[in-house]
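What follows is my_file_2.txt (compact mmCIF, C-alpha atoms and all ligand atoms).
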```txt
# COMPACT_ATOMS: atom_id res chain seq x y z
CA MET A 1425 10.57 20.44 -16.58
CA PRO A 1426 13.77 20.48 -18.66
CA LEU A 1427 16.25 18.42 -16.71
CA PHE A 1428 19.52 19.67 -18.22
CA SER A 1429 20.90 23.13 -18.70
CA ARG A 1430 21.93 24.13 -22.20
CA ASN A 1431 25.15 25.66 -20.93
CA GLY A 1432 27.89 23.13 -21.34
CA GLY A 1433 25.44 20.23 -21.05
CA ASP A 1434 25.47 17.23 -23.33
CA GLN A 1435 23.40 18.47 -26.27
CA THR A 1436 22.51 14.97 -27.46
CA LEU A 1437 21.27 13.96 -24.05
CA LEU A 1438 19.42 17.25 -23.63
CA ARG A 1439 17.71 16.75 -26.96
CA LYS A 1440 16.80 13.14 -26.11
CA VAL A 1441 15.25 14.13 -22.77
CA ASN A 1442 13.29 17.01 -24.33
CA LEU A 1443 12.00 14.94 -27.27
CA SER A 1444 10.97 12.21 -24.89
CA ALA A 1445 9.08 14.72 -22.69
CA VAL A 1446 7.20 16.07 -25.74
CA LEU A 1447 6.28 12.58 -27.01
CA ASN A 1448 5.16 11.34 -23.60
CA ASN A 1449 2.80 14.29 -23.26
CA LEU A 1450 1.43 13.64 -26.74
CA ARG A 1451 0.81 10.02 -25.78
CA GLN A 1452 -1.02 10.95 -22.59
CA TYR A 1453 -3.10 13.88 -23.90
CA THR A 1454 -3.80 12.59 -27.46
CA SER A 1455 -4.14 16.06 -29.05
CA ILE A 1456 -2.52 19.22 -27.70
CA SER A 1457 -1.06 22.47 -28.99
CA ARG A 1458 2.52 23.74 -28.96
CA THR A 1459 1.54 26.19 -26.21
CA ASP A 1460 0.15 23.33 -24.07
CA LEU A 1461 3.41 21.41 -24.65
CA ALA A 1462 5.49 24.40 -23.53
CA GLU A 1463 3.42 24.63 -20.34
CA LEU A 1464 3.49 20.89 -19.63
CA THR A 1465 7.23 20.43 -20.24
CA GLY A 1466 8.51 23.78 -18.93
CA LEU A 1467 10.46 24.28 -22.19
CA ASN A 1468 10.33 27.62 -23.98
CA LYS A 1469 8.14 27.99 -27.06
CA ALA A 1470 11.07 28.37 -29.48
CA THR A 1471 12.53 25.03 -28.31
CA ILE A 1472 9.10 23.35 -28.57
CA THR A 1473 8.71 24.72 -32.09
CA ARG A 1474 12.08 23.23 -33.12
CA LEU A 1475 11.43 19.84 -31.48
CA VAL A 1476 7.95 19.58 -33.01
CA ARG A 1477 9.33 20.52 -36.43
CA ASP A 1478 11.82 17.63 -36.22
CA LEU A 1479 9.19 15.19 -34.99
CA LEU A 1480 6.84 16.25 -37.83
CA GLU A 1481 9.65 15.87 -40.38
CA HIS A 1482 10.42 12.36 -39.18
CA GLY A 1483 6.76 11.41 -39.17
CA LEU A 1484 6.46 10.56 -35.44
CA VAL A 1485 3.94 13.37 -34.87
CA LYS A 1486 1.21 14.86 -37.04
CA GLU A 1487 -1.22 17.77 -37.02
CA VAL A 1488 -4.64 16.45 -35.99
CA GLY A 1489 -6.86 19.56 -36.02
CA THR A 1490 -7.29 23.08 -34.70
CA ARG A 1491 -8.69 24.63 -31.53
CA SER A 1492 -10.19 28.10 -31.65
CA SER A 1493 -9.11 30.55 -28.99
CA ALA A 1494 -10.69 33.75 -27.65
CA ILE A 1495 -7.76 35.84 -28.81
CA GLY A 1496 -5.62 35.42 -31.87
CA SER A 1497 -5.66 32.70 -34.51
CA PRO A 1498 -6.76 29.13 -33.73
CA SER A 1499 -3.98 26.87 -32.43
CA ILE A 1500 -2.93 23.73 -34.28
CA LEU A 1501 -3.35 20.49 -32.35
CA LEU A 1502 -0.69 17.78 -32.51
CA GLY A 1503 -0.86 14.04 -31.88
CA LEU A 1504 1.30 10.95 -32.31
CA ASN A 1505 1.24 9.79 -35.91
CA PRO A 1506 -0.32 6.29 -36.06
CA ASN A 1507 1.63 5.70 -39.29
CA ALA A 1508 5.02 6.50 -37.71
CA GLY A 1509 5.81 2.81 -37.73
CA TYR A 1510 4.61 -0.57 -36.57
CA ILE A 1511 5.03 -2.65 -33.44
CA ILE A 1512 4.87 -6.45 -33.16
CA GLY A 1513 3.90 -8.11 -29.88
CA LEU A 1514 4.31 -11.86 -29.39
CA ARG A 1515 3.15 -13.92 -26.46
CA LEU A 1516 4.61 -17.39 -26.01
CA ASP A 1517 2.42 -19.36 -23.65
CA VAL A 1518 2.33 -22.95 -22.47
CA ASP A 1519 -0.20 -24.11 -25.07
CA CYS A 1520 -0.17 -21.42 -27.74
CA THR A 1521 1.69 -18.53 -29.31
CA LEU A 1522 -0.16 -15.28 -30.09
CA VAL A 1523 1.01 -12.42 -32.24
CA ILE A 1524 -0.31 -8.91 -32.78
CA LEU A 1525 0.68 -6.12 -35.18
CA THR A 1526 -0.21 -2.54 -34.23
CA ASP A 1527 0.40 0.95 -35.53
CA PHE A 1528 2.22 3.66 -33.51
CA ALA A 1529 -1.10 4.60 -31.82
CA ALA A 1530 -1.25 0.97 -30.52
CA LYS A 1531 -4.27 0.14 -32.71
CA THR A 1532 -4.42 -3.53 -33.75
CA ILE A 1533 -3.89 -4.06 -37.48
CA TRP A 1534 -3.65 -7.86 -37.49
CA HIS A 1535 -3.39 -10.74 -35.03
CA ASN A 1536 -3.13 -14.51 -35.13
CA GLU A 1537 -2.28 -17.50 -32.96
CA GLU A 1538 -0.94 -21.03 -33.22
CA ASN A 1539 -1.64 -23.80 -30.71
CA HIS A 1540 0.97 -26.25 -29.43
CA GLN A 1541 1.34 -28.79 -26.65
CA PRO A 1542 3.50 -27.99 -23.61
CA ASP A 1543 5.65 -31.04 -24.40
CA ASP A 1544 6.13 -30.20 -28.10
CA SER A 1545 9.79 -29.84 -29.02
CA GLN A 1546 11.47 -26.45 -28.64
CA GLU A 1547 12.37 -26.68 -32.32
CA LEU A 1548 8.72 -26.98 -33.38
CA ILE A 1549 7.54 -24.14 -31.13
CA LYS A 1550 10.38 -21.92 -32.36
CA SER A 1551 9.45 -22.58 -35.99
CA ASN A 1552 5.82 -21.55 -35.14
CA ILE A 1553 7.20 -18.33 -33.64
CA LEU A 1554 9.16 -17.50 -36.80
CA GLU A 1555 6.13 -18.19 -38.99
CA LEU A 1556 3.92 -15.91 -36.90
CA ILE A 1557 6.47 -13.06 -36.92
CA ASN A 1558 6.94 -13.42 -40.70
CA ALA A 1559 3.15 -13.32 -41.18
CA ALA A 1560 2.95 -10.15 -39.04
CA ILE A 1561 5.66 -8.54 -41.19
CA ASP A 1562 3.70 -9.51 -44.33
CA HIS A 1563 0.67 -7.63 -42.93
CA VAL A 1564 2.52 -4.31 -42.48
CA PRO A 1565 0.41 -1.96 -44.65
CA ASP A 1566 3.13 0.56 -45.54
CA LYS A 1567 6.46 -1.13 -46.17
CA GLU A 1568 8.16 2.29 -46.29
CA ARG A 1569 7.58 2.80 -42.56
CA PRO A 1570 9.84 1.00 -40.05
CA ILE A 1571 9.01 -1.79 -37.64
CA LEU A 1572 9.86 -0.06 -34.37
CA GLY A 1573 10.35 -3.22 -32.36
CA LEU A 1574 9.26 -6.71 -31.36
CA GLY A 1575 8.08 -7.21 -27.78
CA LEU A 1576 8.19 -10.76 -26.42
CA SER A 1577 6.03 -11.95 -23.54
CA LEU A 1578 7.50 -15.16 -22.08
CA PRO A 1579 6.01 -17.65 -19.60
CA GLY A 1580 8.67 -17.80 -16.89
CA LEU A 1581 11.74 -16.11 -15.47
CA VAL A 1582 13.23 -13.64 -17.93
CA ASP A 1583 16.50 -11.71 -17.87
CA GLU A 1584 15.05 -8.67 -19.59
CA ASP A 1585 18.46 -6.96 -20.04
CA LYS A 1586 19.69 -9.87 -22.12
CA GLY A 1587 16.31 -10.86 -23.61
CA LYS A 1588 16.87 -14.36 -22.27
CA LEU A 1589 14.30 -16.85 -20.97
CA LEU A 1590 15.98 -18.29 -17.84
CA PHE A 1591 13.39 -20.87 -16.84
CA ALA A 1592 9.87 -21.71 -18.04
CA PRO A 1593 8.71 -24.48 -15.68
CA ASN A 1594 5.53 -25.33 -17.61
CA LEU A 1595 7.36 -25.64 -20.93
CA GLY A 1596 10.48 -27.21 -19.41
CA TRP A 1597 12.72 -24.62 -21.12
CA HIS A 1598 16.02 -23.50 -19.54
CA ASP A 1599 18.36 -20.66 -20.59
CA VAL A 1600 16.99 -19.87 -24.04
CA ASP A 1601 18.53 -16.73 -25.53
CA MET A 1602 15.40 -15.50 -27.33
CA ARG A 1603 16.83 -12.14 -28.43
CA GLY A 1604 20.08 -13.70 -29.65
CA TRP A 1605 18.18 -16.32 -31.65
CA LEU A 1606 15.66 -13.90 -33.21
CA SER A 1607 18.35 -11.29 -33.97
CA GLU A 1608 19.77 -13.76 -36.48
CA TYR A 1609 16.57 -13.29 -38.50
CA TYR A 1610 15.41 -9.71 -37.84
CA LYS A 1611 17.09 -6.30 -37.75
CA PHE A 1612 14.49 -4.40 -35.65
CA PRO A 1613 14.97 -4.01 -31.85
CA ILE A 1614 13.80 -6.97 -29.75
CA TYR A 1615 12.86 -6.78 -26.07
CA ALA A 1616 11.51 -9.49 -23.75
CA ASP A 1617 9.91 -9.71 -20.33
CA ASN A 1618 7.74 -12.18 -18.47
CA ASP A 1619 3.98 -12.39 -19.02
CA ALA A 1620 2.96 -11.08 -15.58
CA ASN A 1621 5.19 -7.98 -15.86
CA LEU A 1622 3.89 -7.28 -19.34
CA ALA A 1623 0.25 -7.85 -18.41
CA ALA A 1624 0.84 -5.34 -15.57
CA LEU A 1625 2.32 -2.84 -18.03
CA GLY A 1626 -0.49 -3.49 -20.55
CA GLU A 1627 -3.14 -2.81 -17.89
CA THR A 1628 -1.28 0.32 -16.74
CA TYR A 1629 -0.94 1.75 -20.26
CA PHE A 1630 -4.23 0.60 -21.76
CA GLY A 1631 -6.52 -0.81 -19.04
CA ALA A 1632 -7.56 -0.97 -15.38
CA GLY A 1633 -4.43 0.77 -14.00
CA ARG A 1634 -4.44 3.84 -16.26
CA ASP A 1635 -4.88 6.44 -13.51
CA CYS A 1636 -2.67 4.71 -10.87
CA ASP A 1637 0.91 5.15 -9.67
CA TYR A 1638 1.30 1.96 -7.59
CA VAL A 1639 -0.18 -1.06 -9.31
CA LEU A 1640 0.10 -4.69 -8.23
CA TYR A 1641 -1.08 -6.98 -11.02
CA VAL A 1642 -1.59 -10.63 -10.07
CA ASN A 1643 -1.73 -13.06 -12.96
CA ILE A 1644 -3.36 -16.41 -12.13
CA THR A 1645 -3.02 -19.07 -14.82
CA TYR A 1646 -1.21 -22.46 -14.76
CA GLY A 1647 1.18 -20.64 -12.47
CA VAL A 1648 0.91 -17.40 -10.52
CA GLY A 1649 3.06 -14.32 -11.08
CA ALA A 1650 2.81 -10.62 -10.39
CA GLY A 1651 3.91 -7.40 -12.00
CA ILE A 1652 4.61 -4.41 -9.81
CA VAL A 1653 4.35 -1.07 -11.63
CA LEU A 1654 5.63 2.15 -10.07
CA GLY A 1655 4.71 5.12 -12.26
CA GLN A 1656 5.00 3.74 -15.80
CA GLU A 1657 7.89 1.45 -14.89
CA ILE A 1658 8.02 -2.22 -13.94
CA LEU A 1659 9.85 -3.04 -10.71
CA ALA A 1660 12.34 -5.53 -12.11
CA GLY A 1661 14.62 -6.35 -9.16
CA LYS A 1662 18.39 -6.95 -9.28
CA ASN A 1663 18.19 -9.92 -11.67
CA GLY A 1664 14.99 -8.80 -13.38
CA VAL A 1665 12.89 -11.49 -11.71
CA ALA A 1666 10.97 -9.56 -9.01
CA GLY A 1667 7.29 -10.40 -8.57
CA GLU A 1668 7.47 -14.20 -8.30
CA VAL A 1669 4.64 -14.09 -5.76
CA GLY A 1670 3.35 -17.54 -6.75
CA HIS A 1671 6.26 -19.07 -4.87
CA MET A 1672 5.58 -17.46 -1.46
CA THR A 1673 5.19 -20.29 1.02
CA VAL A 1674 1.69 -20.21 2.51
CA ASP A 1675 1.75 -23.74 4.00
CA PRO A 1676 5.11 -25.35 4.88
CA ASN A 1677 3.50 -28.81 4.66
CA GLY A 1678 1.45 -28.09 1.55
CA PRO A 1679 1.60 -29.72 -1.90
CA LEU A 1680 4.90 -29.98 -3.78
CA CYS A 1681 5.39 -27.10 -6.22
CA LYS A 1682 7.16 -27.24 -9.61
CA CYS A 1683 9.88 -24.99 -8.14
CA GLY A 1684 10.81 -27.74 -5.64
CA ASN A 1685 9.37 -25.98 -2.58
CA GLN A 1686 6.31 -27.16 -0.68
CA GLY A 1687 3.08 -25.21 -0.16
CA CYS A 1688 3.73 -22.30 -2.52
CA TRP A 1689 0.76 -19.91 -3.00
CA GLU A 1690 0.28 -21.15 -6.59
CA THR A 1691 -0.28 -24.74 -5.42
CA PHE A 1692 -3.55 -23.42 -3.89
CA ILE A 1693 -4.86 -20.91 -6.45
CA SER A 1694 -3.56 -21.81 -9.95
CA THR A 1695 -5.90 -23.49 -12.43
CA PRO A 1696 -4.33 -26.97 -11.93
CA ALA A 1697 -4.84 -26.47 -8.17
CA ILE A 1698 -8.53 -25.69 -8.72
CA PHE A 1699 -9.01 -28.76 -10.94
CA ARG A 1700 -7.10 -30.95 -8.46
CA ARG A 1701 -9.41 -29.78 -5.64
CA ILE A 1702 -12.50 -30.60 -7.75
CA ARG A 1703 -11.11 -34.13 -8.26
CA GLU A 1704 -10.50 -34.54 -4.52
CA LEU A 1705 -14.11 -33.59 -3.76
CA ILE A 1706 -15.39 -36.02 -6.41
CA GLU A 1707 -13.17 -38.79 -5.00
CA ASP A 1708 -14.63 -38.03 -1.57
CA GLY A 1709 -18.07 -38.94 -2.99
CA ASN A 1710 -19.53 -35.50 -3.77
CA THR A 1711 -21.69 -35.31 -6.87
CA THR A 1712 -21.20 -32.55 -9.39
CA SER A 1713 -22.01 -31.72 -12.99
CA LEU A 1714 -18.23 -31.38 -13.45
CA SER A 1715 -17.48 -35.10 -13.10
CA ASP A 1716 -16.71 -37.15 -16.14
CA ASN A 1717 -16.99 -40.93 -16.50
CA GLU A 1718 -13.45 -41.21 -17.74
CA MET A 1719 -11.86 -38.73 -15.42
CA THR A 1720 -8.25 -39.67 -15.86
CA ASP A 1721 -7.16 -36.08 -16.40
CA PHE A 1722 -8.72 -32.62 -16.49
CA SER A 1723 -8.73 -31.97 -20.20
CA HIS A 1724 -12.54 -31.64 -20.03
CA LEU A 1725 -12.40 -28.94 -17.33
CA SER A 1726 -11.99 -25.21 -17.87
CA ILE A 1727 -12.55 -22.14 -15.71
CA PRO A 1728 -15.60 -21.03 -17.79
CA LYS A 1729 -17.15 -24.51 -17.19
CA VAL A 1730 -16.52 -24.24 -13.44
CA VAL A 1731 -18.09 -20.75 -13.44
CA THR A 1732 -21.18 -21.94 -15.33
CA ALA A 1733 -21.60 -24.89 -12.92
CA ALA A 1734 -21.26 -22.54 -9.91
CA GLU A 1735 -23.86 -20.16 -11.36
CA ASP A 1736 -26.19 -23.13 -11.85
CA GLY A 1737 -25.89 -23.91 -8.14
CA ASP A 1738 -23.36 -26.75 -8.34
CA GLU A 1739 -22.11 -27.20 -4.75
CA VAL A 1740 -18.66 -28.56 -5.61
CA ALA A 1741 -17.98 -25.69 -8.04
CA ASN A 1742 -19.15 -23.14 -5.46
CA GLN A 1743 -17.11 -24.69 -2.65
CA VAL A 1744 -13.93 -24.77 -4.73
CA LEU A 1745 -14.34 -21.15 -5.88
CA HIS A 1746 -15.03 -20.09 -2.27
CA GLU A 1747 -11.91 -21.87 -0.95
CA THR A 1748 -9.78 -20.49 -3.80
CA ALA A 1749 -11.04 -16.95 -3.14
CA MET A 1750 -10.07 -17.23 0.54
CA ASN A 1751 -6.60 -18.45 -0.48
CA ILE A 1752 -6.23 -15.60 -2.98
CA GLY A 1753 -7.20 -13.12 -0.22
CA LEU A 1754 -4.70 -14.71 2.17
CA GLY A 1755 -1.75 -14.09 -0.17
CA LEU A 1756 -3.02 -10.66 -1.26
CA ALA A 1757 -3.21 -9.50 2.37
CA SER A 1758 0.55 -10.12 2.77
CA LEU A 1759 1.37 -8.46 -0.56
CA ILE A 1760 -0.75 -5.41 0.32
CA ASN A 1761 1.05 -5.13 3.68
CA ILE A 1762 4.41 -5.21 1.90
CA LEU A 1763 3.66 -2.97 -1.09
CA ASN A 1764 0.77 -0.67 -0.06
CA PRO A 1765 -0.45 -0.42 -3.70
CA ASN A 1766 -3.28 1.92 -4.68
CA ARG A 1767 -4.70 -0.68 -7.04
CA VAL A 1768 -4.58 -4.47 -7.17
CA ILE A 1769 -5.58 -5.86 -10.58
CA LEU A 1770 -6.54 -9.52 -10.84
CA GLY A 1771 -5.99 -11.10 -14.24
CA GLY A 1772 -5.21 -14.36 -15.98
CA TYR A 1773 -7.34 -17.44 -16.65
CA LEU A 1774 -9.42 -16.88 -13.51
CA ARG A 1775 -10.82 -13.62 -14.88
CA PRO A 1776 -14.32 -15.06 -15.62
CA ALA A 1777 -14.47 -16.41 -12.04
CA TYR A 1778 -13.51 -13.21 -10.18
CA PRO A 1779 -17.04 -11.71 -10.13
CA LEU A 1780 -18.17 -14.79 -8.12
CA MET A 1781 -15.08 -14.68 -5.89
CA MET A 1782 -14.63 -10.95 -5.29
CA SER A 1783 -16.62 -10.58 -2.07
CA ASP A 1784 -14.71 -13.48 -0.42
CA ILE A 1785 -11.39 -12.04 -1.64
CA VAL A 1786 -12.17 -8.54 -0.32
CA GLU A 1787 -13.47 -9.90 2.99
CA THR A 1788 -10.33 -12.00 3.53
CA VAL A 1789 -8.06 -9.05 2.70
CA SER A 1790 -10.06 -6.77 5.06
CA SER A 1791 -9.77 -9.20 7.94
CA ARG A 1792 -6.06 -9.98 7.43
CA ALA A 1793 -4.21 -6.94 6.00
CA LEU A 1794 -3.23 -3.94 8.14
CA LYS A 1795 -5.86 -1.21 8.01
CA TRP A 1796 -3.25 1.43 6.98
CA SER A 1797 -1.94 -0.74 4.14
CA ARG A 1798 -5.32 -1.63 2.67
CA ASP A 1799 -7.38 1.53 3.30
CA ASP A 1800 -6.68 3.13 -0.09
CA THR A 1801 -6.32 -0.09 -2.08
CA ASP A 1802 -8.98 -1.06 -4.64
CA ILE A 1803 -9.08 -4.63 -5.84
CA VAL A 1804 -10.36 -4.77 -9.42
CA ILE A 1805 -10.62 -7.20 -12.32
CA ALA A 1806 -8.28 -6.72 -15.30
CA HIS A 1807 -9.83 -5.02 -18.36
CA HIS A 1808 -7.90 -7.23 -20.74
CA GLY A 1809 -8.06 -10.99 -20.71
CA TYR A 1810 -5.59 -13.13 -22.45
CA GLU A 1811 -4.38 -10.20 -24.52
CA ALA A 1812 -3.14 -8.13 -21.52
CA ALA A 1813 0.44 -9.41 -21.86
CA LEU A 1814 0.31 -8.83 -25.63
CA ARG A 1815 -0.81 -5.22 -25.02
CA GLY A 1816 2.06 -5.01 -22.52
CA ALA A 1817 4.55 -6.25 -25.14
CA ILE A 1818 3.34 -3.34 -27.31
CA ALA A 1819 3.62 -0.93 -24.32
CA MET A 1820 7.20 -2.12 -23.69
CA ILE A 1821 8.25 -1.15 -27.25
CA TYR A 1822 6.31 2.11 -26.91
CA ASN A 1823 8.24 2.82 -23.71
CA HIS A 1824 11.55 2.27 -25.48
CA VAL A 1825 10.58 4.49 -28.42
CA LEU A 1826 9.19 7.29 -26.23
CA THR A 1827 12.19 7.29 -23.91
CA ASN A 1828 14.69 7.14 -26.77
CA PRO A 1829 13.08 8.86 -29.80
CA VAL A 1830 16.47 9.97 -31.16
CA LYS A 1831 17.32 6.32 -31.88
CA THR A 1832 13.94 5.76 -33.56
CA MET A 1833 14.29 8.91 -35.65
CA ALA A 1834 17.80 7.91 -36.65
CA ARG A 1835 16.42 4.60 -37.90
CA SER A 1836 13.68 6.28 -39.95
CA GLY A 1837 16.13 8.62 -41.67
CA GLU A 1838 19.07 10.86 -41.02
CA ILE A 1839 19.11 13.10 -37.99
CA GLU A 1840 20.93 16.32 -37.28
CA ASN A 1841 22.40 16.85 -33.89
CA HIS A 1842 20.70 20.05 -32.78
CA ASP A 1843 17.88 20.80 -30.41
ZN ZN A 1901 6.87 -22.81 -5.94
```
What do you get writing this file as structure tokens?
Amino acid sequence: MPLFSRNGGDQTLLRKVNLSAVLNNLRQYTSISRTDLAELTGLNKATITRLVRDLLEHGLVKEVGTRSSAIGSPSILLGLNPNAGYIIGLRLDVDCTLVILTDFAAKTIWHNEENHQPDDSQELIKSNILELINAAIDHVPDKERPILGLGLSLPGLVDEDKGKLLFAPNLGWHDVDMRGWLSEYYKFPIYADNDANLAALGETYFGAGRDCDYVLYVNITYGVGAGIVLGQEILAGKNGVAGEVGHMTVDPNGPLCKCGNQGCWETFISTPAIFRRIRELIEDGNTTSLSDNEMTDFSHLSIPKVVTAAEDGDEVANQVLHETAMNIGLGLASLINILNPNRVILGGYLRPAYPLMMSDIVETVSSRALKWSRDDTDIVIAHHGYEAALRGAIAMIYNHVLTNPVKTMARSGEIENHD
């Protein structure tokens, strides 16, 4: 529905809202006619014709085919133009940086990654980031078309308004103004959010949450975070840091967490917690294919190795996955009681292990969460693995372009102020 009256309303705002409505429908329905757009948006056909003409002129939309109709001439179908511009997504993680370049239809054109150590200097990691972004820019196929934005996925607390990384416990970074720093090098818009929020958005746009309004995405890696998506929007909270579910206290006397608290949920279900539990069982005298003669650290362990051992009947691997699943279910039961989501998506490094853990997780949730909170909640595994947050970084830029197409069109050429 058009939200603003034309009489005395702000024409620029009216135009922005109407363009955004048209583009969002084109994103969701892939190919539709002007008549469909008029019906879906509630705008009259003359207005749709004008808006579409402008979008075609600025290359954001293109004609993608025709549909024959029983009466009259066939109608022309419209879709988003993949060549409207390019989007760069970058994920900074604890041990690597990944970059992806896509077109306006979110199709991957090029991607790459660079490994680092968590204790490498900030200077070194930042120079890797610049190299990767420059390489992505080099791979833009049509230099005439604009780069619509750079989306940054960061491993910690992020002030998304300012594009600032507040705290990344596993990298030891504090108060790094990522947008300010990168804006010295690049002119295109730069947005940042944390990896769990962006993985949630990536799954909602392009994966397991596509058809859902209330999505809780739980990201289990070195740490544990969550993204809460209502409609197509992330629930950010007052300071932009909502969803830090990993730091819910589940045992007041439990292990010390990196945040300074004791017994946080992540000290029971993160990957270091799983490896620590395997070591405890080995030190207690249990035998397992996962032990190593020189077990001074866990560099030889990985979740896929634990999964393979469990599938081969290794008792230690099975016990640890069983205990972890119960602990995941314990925390999820509380979150489901609080949020009443219609879908819970489990992602992160534990993704290969979820098929073995799912029945224990579901059973724990069923026995602990309120019936009314959990009745319509599915618990599913994320479609995207490591790349979910990268897809989310792309979705974040997409969101900005679709909700403010006037700005994008202004950047790709002049724009007249009429609807
Ligand atoms: Zn904590």
Measure the distance from CA of Ala1623 (chain A) to CA of Thr1645 (chain A) in Å and round it to one decimal.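 Answer for the CA of Ala1623 (chain A) to CA of Thr1645 (chain A) separation: 12.2 Å.
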Could you give me, as a list in words, the residues that have an atom at most 8 Å away from the point (11.7, -9.3, -17.6) in the coordinates of the file, using all atoms listed in the file?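 Final list of nearby residues, as requested, is Leu1581, Val1582, Asp1583, Glu1584, Asp1585, Gly1587, Ala1616, Asp1617, Asn1618, Asn1621, Ala1660, Gly1664 and Val1665 of chain A.
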Counting all atoms listed in the file, which residues sit no farther than 12 Å from the position (4.1, -28.7, -3.9) in the file's frame? I'd like them as number ranges by chain. A: 1670-1692, 1694, 1696-1697
Selected residue of minimal separation from Cys1520 (chain A) among A:Tyr1609, A:Pro1579, A:Ile1561, A:Glu1481, counting only C-alpha atoms: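 Using only C-alpha atoms, Cys1520 (chain A) sits closest to A:Pro1579.
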In Å, with one decimal, what is the gap from CA of Asn1828 (chain A) to CA of Glu1811 (chain A)? 25.9 Å
Centre, edges in Å (one decimal): axis-aligned box, region 1639-1656 of chain A, 5 Å padding on all six sides, as AutoDock Vina command-line options:
```
--center_x 1.1 --center_y -8.7 --center_z -12.0 --size_x 19.0 --size_y 37.6 --size_z 17.6
```
Pick out the closest residue to ligand ZN 1901 (chain A) from this set: A:Gly1649, A:Leu1705, A:Ala1793, A:Arg1798. Count only C-alpha atoms and all ligand atoms. A:Gly1649
